[in-house]
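Novice: PDB, C-alpha atoms, file run_2.pdb:
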```
ATOM      1  CA  MET A   8    -123.379 -29.493 -10.921
ATOM      2  CA  LYS A   9    -124.293 -26.183  -9.289
ATOM      3  CA  ASP A  10    -122.555 -22.979 -10.348
ATOM      4  CA  TYR A  11    -120.241 -21.977  -7.504
ATOM      5  CA  GLY A  12    -118.506 -19.178  -9.414
ATOM      6  CA  VAL A  13    -119.800 -16.461  -7.085
ATOM      7  CA  PHE A  14    -118.292 -18.219  -4.054
ATOM      8  CA  VAL A  15    -114.926 -18.723  -5.777
ATOM      9  CA  THR A  16    -114.893 -15.047  -6.819
ATOM     10  CA  ALA A  17    -115.811 -13.937  -3.291
ATOM     11  CA  ALA A  18    -113.111 -16.102  -1.692
ATOM     12  CA  TYR A  19    -110.335 -14.951  -4.061
ATOM     13  CA  GLY A  20    -111.539 -11.350  -3.774
ATOM     14  CA  ALA A  21    -111.521 -11.474   0.030
ATOM     15  CA  ALA A  22    -108.057 -13.067   0.142
ATOM     16  CA  ALA A  23    -106.665 -10.513  -2.333
ATOM     17  CA  MET A  24    -108.197  -7.599  -0.403
ATOM     18  CA  ILE A  25    -106.720  -8.752   2.909
ATOM     19  CA  TRP A  26    -103.281  -9.288   1.293
ATOM     20  CA  LEU A  27    -103.351  -5.899  -0.445
ATOM     21  CA  GLY A  28    -104.606  -4.212   2.718
ATOM     22  CA  MET A  29    -101.776  -5.710   4.774
ATOM     23  CA  ALA A  30     -99.147  -4.828   2.174
ATOM     24  CA  GLY A  31    -100.518  -1.282   1.822
ATOM     25  CA  VAL A  32    -100.486  -0.566   5.545
ATOM     26  CA  VAL A  33     -97.031  -2.116   6.077
ATOM     27  CA  TYR A  34     -95.526  -0.205   3.126
ATOM     28  CA  ALA A  35     -97.124   3.097   4.184
ATOM     29  CA  GLN A  36     -95.740   2.695   7.734
ATOM     30  CA  LEU A  37     -92.286   1.909   6.361
ATOM     31  CA  ARG A  38     -92.263   4.935   4.036
ATOM     32  CA  ARG A  39     -93.341   7.247   6.842
ATOM     33  CA  VAL A  40     -90.657   6.040   9.258
ATOM     34  CA  ARG A  41     -87.958   6.162   6.529
ATOM     35  CA  ARG A  42     -88.835   9.839   5.934
ATOM     36  CA  GLN A  43     -88.713  10.567   9.685
ATOM     37  CA  TRP A  44     -85.325   8.853   9.986
ATOM     38  CA  GLN A  45     -83.911  10.732   6.981
ATOM     39  CA  LYS A  46     -85.073  14.046   8.487
ATOM     40  CA  LEU A  47     -83.411  13.205  11.789
ATOM     41  CA  GLU A  48     -80.175  12.170  10.069
ATOM     42  CA  ALA A  49     -80.172  15.375   8.014
ATOM     43  CA  ALA A  50     -80.708  17.443  11.162
ATOM     44  CA  GLU A  51     -77.890  15.564  12.903
ATOM     45  CA  SER A  52     -75.410  16.241  10.109
ATOM     46  CA  GLN A  53     -76.096  20.008  10.101
TER      47      GLN A  53
ATOM     48  CA  MET B  14     -75.286 -13.837  12.012
ATOM     49  CA  ASP B  15     -75.632 -12.080  15.353
ATOM     50  CA  PHE B  16     -78.170  -9.550  14.161
ATOM     51  CA  ASN B  17     -78.887  -8.512  17.731
ATOM     52  CA  ALA B  18     -75.413  -7.081  17.995
ATOM     53  CA  GLN B  19     -75.432  -5.562  14.523
ATOM     54  CA  PRO B  20     -78.893  -4.217  13.599
ATOM     55  CA  LYS B  21     -77.316  -1.840  11.049
ATOM     56  CA  ARG B  22     -75.805  -4.750   9.140
ATOM     57  CA  PHE B  23     -79.071  -6.659   9.533
ATOM     58  CA  LEU B  24     -80.967  -3.692   8.027
ATOM     59  CA  GLY B  25     -78.520  -3.643   5.107
ATOM     60  CA  HIS B  26     -79.248  -7.318   4.372
ATOM     61  CA  LEU B  27     -83.016  -6.698   4.618
ATOM     62  CA  ARG B  28     -82.867  -3.784   2.145
ATOM     63  CA  LYS B  29     -80.878  -5.852  -0.357
ATOM     64  CA  LEU B  30     -83.161  -8.881  -0.151
ATOM     65  CA  LEU B  31     -86.541  -7.104  -0.084
ATOM     66  CA  PRO B  32     -86.872  -6.206  -3.828
ATOM     67  CA  MET B  33     -85.893  -9.751  -4.848
ATOM     68  CA  MET B  34     -88.411 -11.229  -2.414
ATOM     69  CA  VAL B  35     -91.218  -8.947  -3.671
ATOM     70  CA  ILE B  36     -90.461  -9.947  -7.283
ATOM     71  CA  LEU B  37     -90.502 -13.624  -6.267
ATOM     72  CA  TRP B  38     -93.815 -13.037  -4.476
ATOM     73  CA  CYS B  39     -95.373 -11.500  -7.612
ATOM     74  CA  LEU B  40     -94.067 -14.255  -9.912
ATOM     75  CA  LEU B  41     -95.200 -17.068  -7.618
ATOM     76  CA  SER B  42     -98.615 -15.417  -7.170
ATOM     77  CA  LEU B  43     -99.067 -15.213 -10.951
ATOM     78  CA  ALA B  44     -97.958 -18.839 -11.435
ATOM     79  CA  GLY B  45    -100.037 -20.043  -8.472
ATOM     80  CA  GLY B  46    -103.096 -18.071  -9.601
ATOM     81  CA  TRP B  47    -102.862 -19.512 -13.107
ATOM     82  CA  GLN B  48    -102.445 -23.040 -11.740
ATOM     83  CA  ALA B  49    -105.307 -22.642  -9.250
ATOM     84  CA  LEU B  50    -107.873 -20.946 -11.498
ATOM     85  CA  ILE B  51    -107.073 -22.290 -14.967
ATOM     86  CA  ALA B  52    -104.729 -25.296 -15.057
ATOM     87  CA  SER B  53    -106.153 -27.386 -12.197
ATOM     88  CA  PRO B  54    -109.275 -29.520 -12.711
ATOM     89  CA  SER B  55    -112.591 -29.049 -10.910
ATOM     90  CA  ASP B  56    -113.647 -31.631  -8.333
ATOM     91  CA  TYR B  57    -116.180 -34.355  -9.180
ATOM     92  CA  GLN B  58    -118.189 -33.575  -6.016
ATOM     93  CA  GLN B  59    -117.470 -29.919  -5.255
ATOM     94  CA  GLY B  60    -117.146 -28.664  -8.814
ATOM     95  CA  GLU B  61    -115.466 -25.258  -9.123
ATOM     96  CA  ALA B  62    -115.805 -24.611  -5.368
ATOM     97  CA  VAL B  63    -112.694 -26.747  -4.807
ATOM     98  CA  ARG B  64    -110.614 -23.833  -6.131
ATOM     99  CA  ILE B  65    -111.245 -22.023  -2.836
ATOM    100  CA  MET B  66    -108.888 -24.605  -1.299
ATOM    101  CA  TYR B  67    -105.900 -22.899  -3.013
ATOM    102  CA  VAL B  68    -106.395 -19.648  -1.104
ATOM    103  CA  HIS B  69    -107.796 -21.172   2.102
ATOM    104  CA  VAL B  70    -105.337 -23.971   2.912
ATOM    105  CA  PRO B  71    -102.033 -22.014   2.519
ATOM    106  CA  ALA B  72    -103.474 -19.246   4.718
ATOM    107  CA  SER B  73    -104.424 -21.792   7.394
ATOM    108  CA  TRP B  74    -101.043 -23.581   7.278
ATOM    109  CA  LEU B  75     -99.000 -20.395   7.431
ATOM    110  CA  GLY B  76    -101.287 -18.734   9.969
ATOM    111  CA  VAL B  77    -100.691 -21.644  12.338
ATOM    112  CA  ALA B  78     -96.984 -22.002  11.460
ATOM    113  CA  LEU B  79     -96.314 -18.289  12.035
ATOM    114  CA  TYR B  80     -97.797 -18.487  15.513
ATOM    115  CA  GLY B  81     -95.412 -21.384  16.265
ATOM    116  CA  VAL B  82     -92.439 -19.399  14.909
ATOM    117  CA  MET B  83     -93.491 -16.362  16.954
ATOM    118  CA  ALA B  84     -93.776 -18.461  20.122
ATOM    119  CA  ILE B  85     -90.248 -19.849  19.565
ATOM    120  CA  LEU B  86     -88.784 -16.390  18.797
ATOM    121  CA  GLY B  87     -90.630 -14.803  21.729
ATOM    122  CA  GLY B  88     -89.571 -17.580  24.103
ATOM    123  CA  LEU B  89     -85.930 -17.342  22.987
ATOM    124  CA  GLY B  90     -86.035 -13.539  23.194
ATOM    125  CA  TYR B  91     -87.411 -13.746  26.723
ATOM    126  CA  VAL B  92     -84.770 -16.208  27.926
ATOM    127  CA  LEU B  93     -81.755 -14.800  26.029
ATOM    128  CA  ARG B  94     -82.832 -11.135  26.440
ATOM    129  CA  ARG B  95     -82.287 -10.395  22.766
ATOM    130  CA  PRO B  96     -84.707  -7.605  21.751
ATOM    131  CA  LEU B  97     -84.349  -8.301  18.036
ATOM    132  CA  LEU B  98     -85.791 -11.777  18.554
ATOM    133  CA  ASP B  99     -88.792 -10.108  20.221
ATOM    134  CA  PHE B 100     -88.991  -7.589  17.363
ATOM    135  CA  SER B 101     -88.888 -10.469  14.849
ATOM    136  CA  ALA B 102     -91.861 -12.108  16.583
ATOM    137  CA  TYR B 103     -93.762  -8.824  16.792
ATOM    138  CA  ALA B 104     -93.082  -8.101  13.112
ATOM    139  CA  LEU B 105     -94.851 -11.350  12.204
ATOM    140  CA  ALA B 106     -97.948 -10.718  14.345
ATOM    141  CA  PRO B 107    -100.145  -8.658  11.963
ATOM    142  CA  ILE B 108     -99.130 -10.936   9.070
ATOM    143  CA  GLY B 109    -100.184 -14.018  11.038
ATOM    144  CA  LEU B 110    -103.409 -12.286  12.017
ATOM    145  CA  GLY B 111    -104.095 -11.411   8.367
ATOM    146  CA  LEU B 112    -103.495 -15.020   7.276
ATOM    147  CA  THR B 113    -105.775 -16.333  10.027
ATOM    148  CA  LEU B 114    -108.464 -13.876   8.878
ATOM    149  CA  ILE B 115    -108.045 -15.076   5.267
ATOM    150  CA  SER B 116    -108.397 -18.647   6.524
ATOM    151  CA  LEU B 117    -111.576 -17.854   8.501
ATOM    152  CA  VAL B 118    -113.206 -15.742   5.774
ATOM    153  CA  THR B 119    -112.421 -18.044   2.825
ATOM    154  CA  GLY B 120    -113.300 -21.090   4.940
ATOM    155  CA  SER B 121    -116.665 -19.537   5.706
ATOM    156  CA  ILE B 122    -117.269 -18.746   2.021
ATOM    157  CA  TRP B 123    -116.280 -22.342   1.134
ATOM    158  CA  GLY B 124    -118.522 -23.733   3.887
ATOM    159  CA  LYS B 125    -121.727 -22.178   2.571
ATOM    160  CA  PRO B 126    -121.972 -24.109  -0.723
ATOM    161  CA  ILE B 127    -120.381 -27.328   0.582
ATOM    162  CA  TRP B 128    -121.710 -27.637   4.165
ATOM    163  CA  GLY B 129    -124.792 -25.477   3.751
ATOM    164  CA  THR B 130    -123.722 -23.034   6.455
ATOM    165  CA  TRP B 131    -121.330 -20.091   6.785
ATOM    166  CA  TRP B 132    -120.147 -21.054  10.267
ATOM    167  CA  VAL B 133    -120.375 -23.797  12.917
ATOM    168  CA  TRP B 134    -118.706 -23.793  16.329
ATOM    169  CA  ASP B 135    -116.898 -27.092  15.720
ATOM    170  CA  ALA B 136    -113.451 -27.792  17.164
ATOM    171  CA  ARG B 137    -111.381 -26.749  14.110
ATOM    172  CA  LEU B 138    -113.225 -23.517  13.401
ATOM    173  CA  THR B 139    -113.347 -22.572  17.067
ATOM    174  CA  SER B 140    -109.634 -23.257  17.648
ATOM    175  CA  MET B 141    -108.762 -21.140  14.571
ATOM    176  CA  PHE B 142    -111.006 -18.365  15.881
ATOM    177  CA  ILE B 143    -109.160 -18.562  19.227
ATOM    178  CA  GLN B 144    -105.879 -18.249  17.318
ATOM    179  CA  ALA B 145    -107.113 -14.983  15.758
ATOM    180  CA  LEU B 146    -107.960 -13.750  19.267
ATOM    181  CA  LEU B 147    -104.479 -14.748  20.486
ATOM    182  CA  TYR B 148    -102.872 -12.727  17.682
ATOM    183  CA  LEU B 149    -105.077  -9.741  18.554
ATOM    184  CA  GLY B 150    -104.376 -10.144  22.266
ATOM    185  CA  TYR B 151    -100.611 -10.264  21.667
ATOM    186  CA  ILE B 152    -100.652  -7.103  19.517
ATOM    187  CA  ALA B 153    -102.872  -5.294  22.038
ATOM    188  CA  LEU B 154    -100.672  -6.380  24.959
ATOM    189  CA  VAL B 155     -97.454  -5.135  23.315
ATOM    190  CA  ARG B 156     -99.073  -1.829  22.310
ATOM    191  CA  ALA B 157    -100.553  -1.312  25.778
ATOM    192  CA  HIS B 158     -97.087  -0.888  27.331
ATOM    193  CA  GLU B 159     -95.424   2.515  27.215
ATOM    194  CA  ASP B 160     -92.021   0.805  27.330
ATOM    195  CA  GLN B 161     -92.065  -1.258  24.126
ATOM    196  CA  LEU B 162     -89.361  -3.679  25.295
ATOM    197  CA  GLN B 163     -91.346  -4.456  28.433
ATOM    198  CA  GLY B 164     -94.450  -4.964  26.281
ATOM    199  CA  LEU B 165     -92.561  -7.356  24.006
ATOM    200  CA  ARG B 166     -91.410  -9.393  27.032
ATOM    201  CA  MET B 167     -94.964  -9.648  28.383
ATOM    202  CA  GLY B 168     -96.200 -10.496  24.904
ATOM    203  CA  ALA B 169     -93.626 -13.294  24.636
ATOM    204  CA  LEU B 170     -95.182 -14.933  27.694
ATOM    205  CA  LEU B 171     -98.619 -14.804  26.058
ATOM    206  CA  LEU B 172     -97.155 -16.288  22.862
ATOM    207  CA  VAL B 173     -95.630 -19.232  24.726
ATOM    208  CA  ILE B 174     -98.780 -19.899  26.766
ATOM    209  CA  GLY B 175    -100.990 -19.522  23.671
ATOM    210  CA  ALA B 176     -98.891 -22.128  21.814
ATOM    211  CA  VAL B 177    -100.961 -24.774  23.627
ATOM    212  CA  ASN B 178    -103.633 -23.990  21.001
ATOM    213  CA  LEU B 179    -101.412 -25.259  18.144
ATOM    214  CA  PRO B 180    -101.702 -29.026  18.830
ATOM    215  CA  ILE B 181    -105.414 -28.473  19.496
ATOM    216  CA  ILE B 182    -105.834 -26.945  16.010
ATOM    217  CA  LYS B 183    -103.911 -29.845  14.429
ATOM    218  CA  GLY B 184    -105.671 -32.570  16.440
ATOM    219  CA  SER B 185    -109.156 -31.018  16.426
ATOM    220  CA  VAL B 186    -110.297 -32.868  13.296
ATOM    221  CA  GLU B 187    -109.105 -36.212  14.668
ATOM    222  CA  TRP B 188    -110.012 -35.935  18.355
ATOM    223  CA  TRP B 189    -113.576 -34.672  17.878
ATOM    224  CA  ALA B 190    -116.378 -35.169  15.352
ATOM    225  CA  THR B 191    -116.139 -32.026  13.232
ATOM    226  CA  LEU B 192    -117.835 -30.736  10.122
ATOM    227  CA  HIS B 193    -114.354 -29.760   8.913
ATOM    228  CA  GLN B 194    -112.676 -32.528   6.919
ATOM    229  CA  PRO B 195    -109.578 -34.301   8.321
ATOM    230  CA  ALA B 196    -106.076 -33.487   7.025
ATOM    231  CA  SER B 197    -105.508 -34.527   3.415
ATOM    232  CA  LEU B 198    -101.833 -33.608   3.050
ATOM    233  CA  LEU B 199    -100.028 -33.498   6.400
ATOM    234  CA  ARG B 200    -101.004 -37.006   7.536
ATOM    235  CA  SER B 201     -99.168 -40.225   8.367
ATOM    236  CA  LYS B 202    -100.491 -42.136   5.321
ATOM    237  CA  GLY B 203     -99.171 -39.481   2.924
ATOM    238  CA  PRO B 204    -101.118 -36.955   0.839
ATOM    239  CA  SER B 205    -104.526 -37.995  -0.465
ATOM    240  CA  LEU B 206    -104.606 -35.182  -3.027
ATOM    241  CA  HIS B 207    -104.016 -35.902  -6.717
ATOM    242  CA  SER B 208    -100.903 -34.243  -8.132
ATOM    243  CA  SER B 209    -103.060 -32.050 -10.404
ATOM    244  CA  MET B 210    -104.409 -30.394  -7.242
ATOM    245  CA  LEU B 211    -101.306 -30.772  -5.100
ATOM    246  CA  THR B 212     -99.129 -28.771  -7.537
ATOM    247  CA  PRO B 213    -101.255 -25.577  -7.479
ATOM    248  CA  LEU B 214    -101.620 -25.896  -3.718
ATOM    249  CA  LEU B 215     -97.838 -25.983  -3.282
ATOM    250  CA  PHE B 216     -97.392 -23.066  -5.727
ATOM    251  CA  MET B 217     -99.873 -20.967  -3.778
ATOM    252  CA  THR B 218     -98.222 -21.942  -0.495
ATOM    253  CA  ALA B 219     -94.861 -20.804  -1.907
ATOM    254  CA  ALA B 220     -96.481 -17.529  -3.059
ATOM    255  CA  TYR B 221     -97.946 -16.977   0.401
ATOM    256  CA  GLY B 222     -94.555 -17.792   1.950
ATOM    257  CA  ALA B 223     -92.800 -15.231  -0.253
ATOM    258  CA  GLY B 224     -95.500 -12.706   0.691
ATOM    259  CA  VAL B 225     -94.961 -13.399   4.382
ATOM    260  CA  LEU B 226     -91.189 -12.940   4.043
ATOM    261  CA  SER B 227     -91.620  -9.697   2.051
ATOM    262  CA  LEU B 228     -93.967  -8.169   4.611
ATOM    263  CA  TRP B 229     -91.842  -9.433   7.518
ATOM    264  CA  MET B 230     -88.759  -7.704   6.040
ATOM    265  CA  MET B 231     -90.694  -4.439   5.664
ATOM    266  CA  ARG B 232     -92.046  -4.719   9.210
ATOM    267  CA  MET B 233     -88.569  -5.420  10.627
ATOM    268  CA  GLU B 234     -87.112  -2.349   8.959
ATOM    269  CA  TYR B 235     -90.103  -0.305  10.147
ATOM    270  CA  LEU B 236     -89.790  -1.483  13.775
ATOM    271  CA  ILE B 237     -86.007  -0.949  13.923
ATOM    272  CA  LEU B 238     -86.193   2.529  12.353
ATOM    273  CA  ARG B 239     -89.158   3.539  14.504
ATOM    274  CA  ARG B 240     -87.228   2.516  17.620
ATOM    275  CA  ARG B 241     -84.259   4.629  16.480
ATOM    276  CA  VAL B 242     -86.500   7.617  15.716
ATOM    277  CA  LEU B 243     -88.184   7.392  19.139
ATOM    278  CA  VAL B 244     -84.841   7.111  20.934
ATOM    279  CA  GLN B 245     -83.393  10.067  18.990
ATOM    280  CA  GLN B 246     -86.454  12.188  19.748
ATOM    281  CA  GLN B 247     -86.308  11.250  23.445
ATOM    282  CA  LEU B 248     -82.598  12.035  23.589
ATOM    283  CA  ARG B 249     -83.221  15.516  22.157
ATOM    284  CA  GLU B 250     -86.066  16.279  24.521
ATOM    285  CA  ALA B 251     -84.779  14.538  27.649
ATOM    286  CA  PRO B 252     -82.867  16.384  30.386
ATOM    287  CA  PRO B 253     -79.235  15.123  30.747
ATOM    288  CA  ALA B 254     -80.110  12.884  33.702
ATOM    289  CA  ARG B 255     -82.568  10.905  31.562
ATOM    290  CA  VAL B 256     -80.241  10.441  28.611
ATOM    291  CA  ARG B 257     -78.395   7.511  30.156
ATOM    292  CA  PHE B 258     -81.702   5.813  30.975
ATOM    293  CA  VAL B 259     -83.018   6.246  27.423
ATOM    294  CA  GLU B 260     -79.748   4.990  25.927
ATOM    295  CA  ARG B 261     -79.859   1.940  28.135
ATOM    296  CA  ALA B 262     -83.533   1.243  27.240
ATOM    297  CA  ALA B 263     -82.678   1.407  23.530
TER     298      ALA B 263
END
```
How would this structure read if it were set down as structure tokens?

Specialist:
Amino acid sequence: MKDYGVFVTAAYGAAAMIWLGMAGVVYAQLRRVRRQWQKLEAAESQ
Amino acid sequence: MDFNAQPKRFLGHLRKLLPMMVILWCLLSLAGGWQALIASPSDYQQGEAVRIMYVHVPASWLGVALYGVMAILGGLGYVLRRPLLDFSAYALAPIGLGLTLISLVTGSIWGKPIWGTWWVWDARLTSMFIQALLYLGYIALVRAHEDQLQGLRMGALLLVIGAVNLPIIKGSVEWWATLHQPASLLRSKGPSLHSSMLTPLLFMTAAYGAGVLSLWMMRMEYLILRRRVLVQQQLREAPPARVRFVERAA
């Protein structure tokens, strides 16, 4: 049986990178908009 | 719950559920990863390469399923004029695109050792590639409109029309001679996978599902808050005559 370890590693690595990339971008966008909203709310209350 | 009428309450539910969903995602990923890489056996023909199935198949299933969900949400949003249904569909779009990319990339990596090639333009691979283009086209179409609600309505039409690709993806391995193998789980004769491989596959699918829900919740909160921020900023900058228009558009 051939050694397919490099392909398994590449596939899991690619899947993990895409997942982490998606989660990172989505979380960063959410944090930014939460900060903007908090600033607006603070300005409103003053 | 009429979350269209009460986005504030809807946001409250999202914020409560999100940490639990992220924890579930992490736990299921750990359990699924252990099952897929350690507990499950290798295949008598494919050897260790069969383990690629546990990251490839859930991505393909959910990538296709999410497009179907988006088409239903978009279609309902278009007919019922409920913007939060459109937002729900739009929130899923980059997640569905990411899953379709995982499916294409891991499928290509799996194809090299098993088929001897990274890519062939057979019916299954081509229809999945078209699905990635549909996701991209939908995102581009929504972003191209200055009025986001108008963009979401146009996007919903593309979603519904593009749904014709879903039965083609499912039927592609039966209707045409393809290098891609036919379905081994979702078929009329029942699953052909042994339970030792079926269990990790279902664990990984559950992990992917929890990941999709976690990211969807974050995207929903982001889209709702961004809409509020934009409306507030427009209201501050707009002359009084435009205020009513902006309020109505929100």

Novice: Distance limit 7 Å, atoms considered: all atoms listed in the file. Which chain A residues sit that close to chain B? Return them as a VMD selection string.

Specialist: chain A and resid 8 11 to 12 14 to 15 18 to 19 22 25 30 33 to 34 36 to 37 40 44

Novice: For the structure provided, state which residues fall under the PyMOL selection byres ((chain B and resi 168) around 10), and present them as a PyMOL selection string.

Specialist: chain B and resi 84+87-88+91+99+102-103+150-156+158+162-167+169-174

Novice: Go ahead and compute the interatomic distance for CA of Gly25 in chain B and CA of Arg39 in chain A, in Å to one decimal.

Specialist: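 Calculated distance between CA of Gly25 in chain B and CA of Arg39 in chain A is 18.5 Å.
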
Novice: To one decimal place in Å, what is the distance between CA of Leu40 in chain B and CA of Met217 in chain B?

Specialist: 10.8 Å

Novice: Grab the CA of Met141 in chain B to CA of Gly28 in chain A distance for me, in Å with one decimal place.

Specialist: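 Taking CA of Met141 in chain B and CA of Gly28 in chain A, their separation equals 21.1 Å.
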
Novice: From the list B:Ile181, B:Leu248, B:Ala78, B:Leu214, which residue is nearest Ser197 in chain B when using only C-alpha atoms?

Specialist: B:Leu214

Novice: Fewer than 4 positions away in the same chain doesn't count, so skip those; otherwise give me all residues within 8 Å of Gly222 in chain B, counting all atoms listed in the file, as a list in words.

Specialist: Leu75, Thr218 and Leu226 of chain B

Novice: Of the residues B:Ile51, B:Leu215, B:Ala136, B:Met210, which is the one nearest to Ile182 in chain B, using all atoms listed in the file?

Specialist: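 Using all atoms listed in the file, Ile182 in chain B sits closest to B:Ala136.
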
Novice: May I ask which of the residues B:Gly81, B:Gly109, B:Gly90, B:Pro180 is the closest one to Met29 in chain A, counting only C-alpha atoms?

Specialist: B:Gly109

Novice: Render range 45-97 of chain B from the structure in the preceding block as a file of C-alpha atoms, as a short mmCIF file (atom, residue, chain, number, x, y, z; two decimals), in the first residue's frame.

Specialist:
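Output contents, as saved in result-v1.cif:
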```cif
data_model
loop_
_atom_site.label_atom_id
_atom_site.label_comp_id
_atom_site.auth_asym_id
_atom_site.auth_seq_id
_atom_site.Cartn_x
_atom_site.Cartn_y
_atom_site.Cartn_z
CA GLY B 45 -14.79 14.09 14.93
CA GLY B 46 -11.07 14.66 14.36
CA TRP B 47 -10.17 11.86 16.77
CA GLN B 48 -12.68 9.51 15.14
CA ALA B 49 -11.55 10.40 11.61
CA LEU B 50 -7.77 10.33 12.12
CA ILE B 51 -7.28 7.75 14.87
CA ALA B 52 -10.31 5.58 15.65
CA SER B 53 -11.53 4.78 12.12
CA PRO B 54 -9.84 2.05 10.05
CA SER B 55 -8.00 2.60 6.77
CA ASP B 56 -9.57 1.32 3.56
CA TYR B 57 -8.42 -1.95 1.96
CA GLN B 58 -8.09 -0.25 -1.45
CA GLN B 59 -7.42 3.42 -0.68
CA GLY B 60 -5.39 2.95 2.49
CA GLU B 61 -5.04 6.11 4.59
CA ALA B 62 -6.32 8.31 1.74
CA VAL B 63 -9.88 7.35 2.72
CA ARG B 64 -9.55 9.70 5.71
CA ILE B 65 -9.89 12.64 3.30
CA MET B 66 -13.55 11.58 2.98
CA TYR B 67 -14.24 12.89 6.52
CA VAL B 68 -13.38 16.48 5.59
CA HIS B 69 -14.54 16.32 1.96
CA VAL B 70 -18.01 14.77 2.19
CA PRO B 71 -19.48 16.97 5.00
CA ALA B 72 -18.25 20.07 3.15
CA SER B 73 -19.94 18.88 -0.06
CA TRP B 74 -23.22 17.97 1.68
CA LEU B 75 -23.46 21.22 3.61
CA GLY B 76 -22.24 23.35 0.70
CA VAL B 77 -25.11 22.02 -1.41
CA ALA B 78 -27.65 22.07 1.45
CA LEU B 79 -26.82 25.69 2.35
CA TYR B 80 -27.47 26.80 -1.21
CA GLY B 81 -30.91 25.11 -1.01
CA VAL B 82 -31.64 26.83 2.33
CA MET B 83 -30.52 30.18 0.89
CA ALA B 84 -32.75 29.74 -2.16
CA ILE B 85 -35.76 29.00 0.10
CA LEU B 86 -35.00 31.95 2.42
CA GLY B 87 -34.33 34.28 -0.52
CA GLY B 88 -37.49 33.17 -2.32
CA LEU B 89 -39.61 33.62 0.83
CA GLY B 90 -37.98 36.99 1.54
CA TYR B 91 -38.74 38.13 -2.00
CA VAL B 92 -42.40 37.08 -1.87
CA LEU B 93 -43.15 38.06 1.76
CA ARG B 94 -40.95 41.20 1.69
CA ARG B 95 -39.25 40.29 4.95
CA PRO B 96 -35.71 41.75 4.89
CA LEU B 97 -34.48 39.53 7.72
#
```
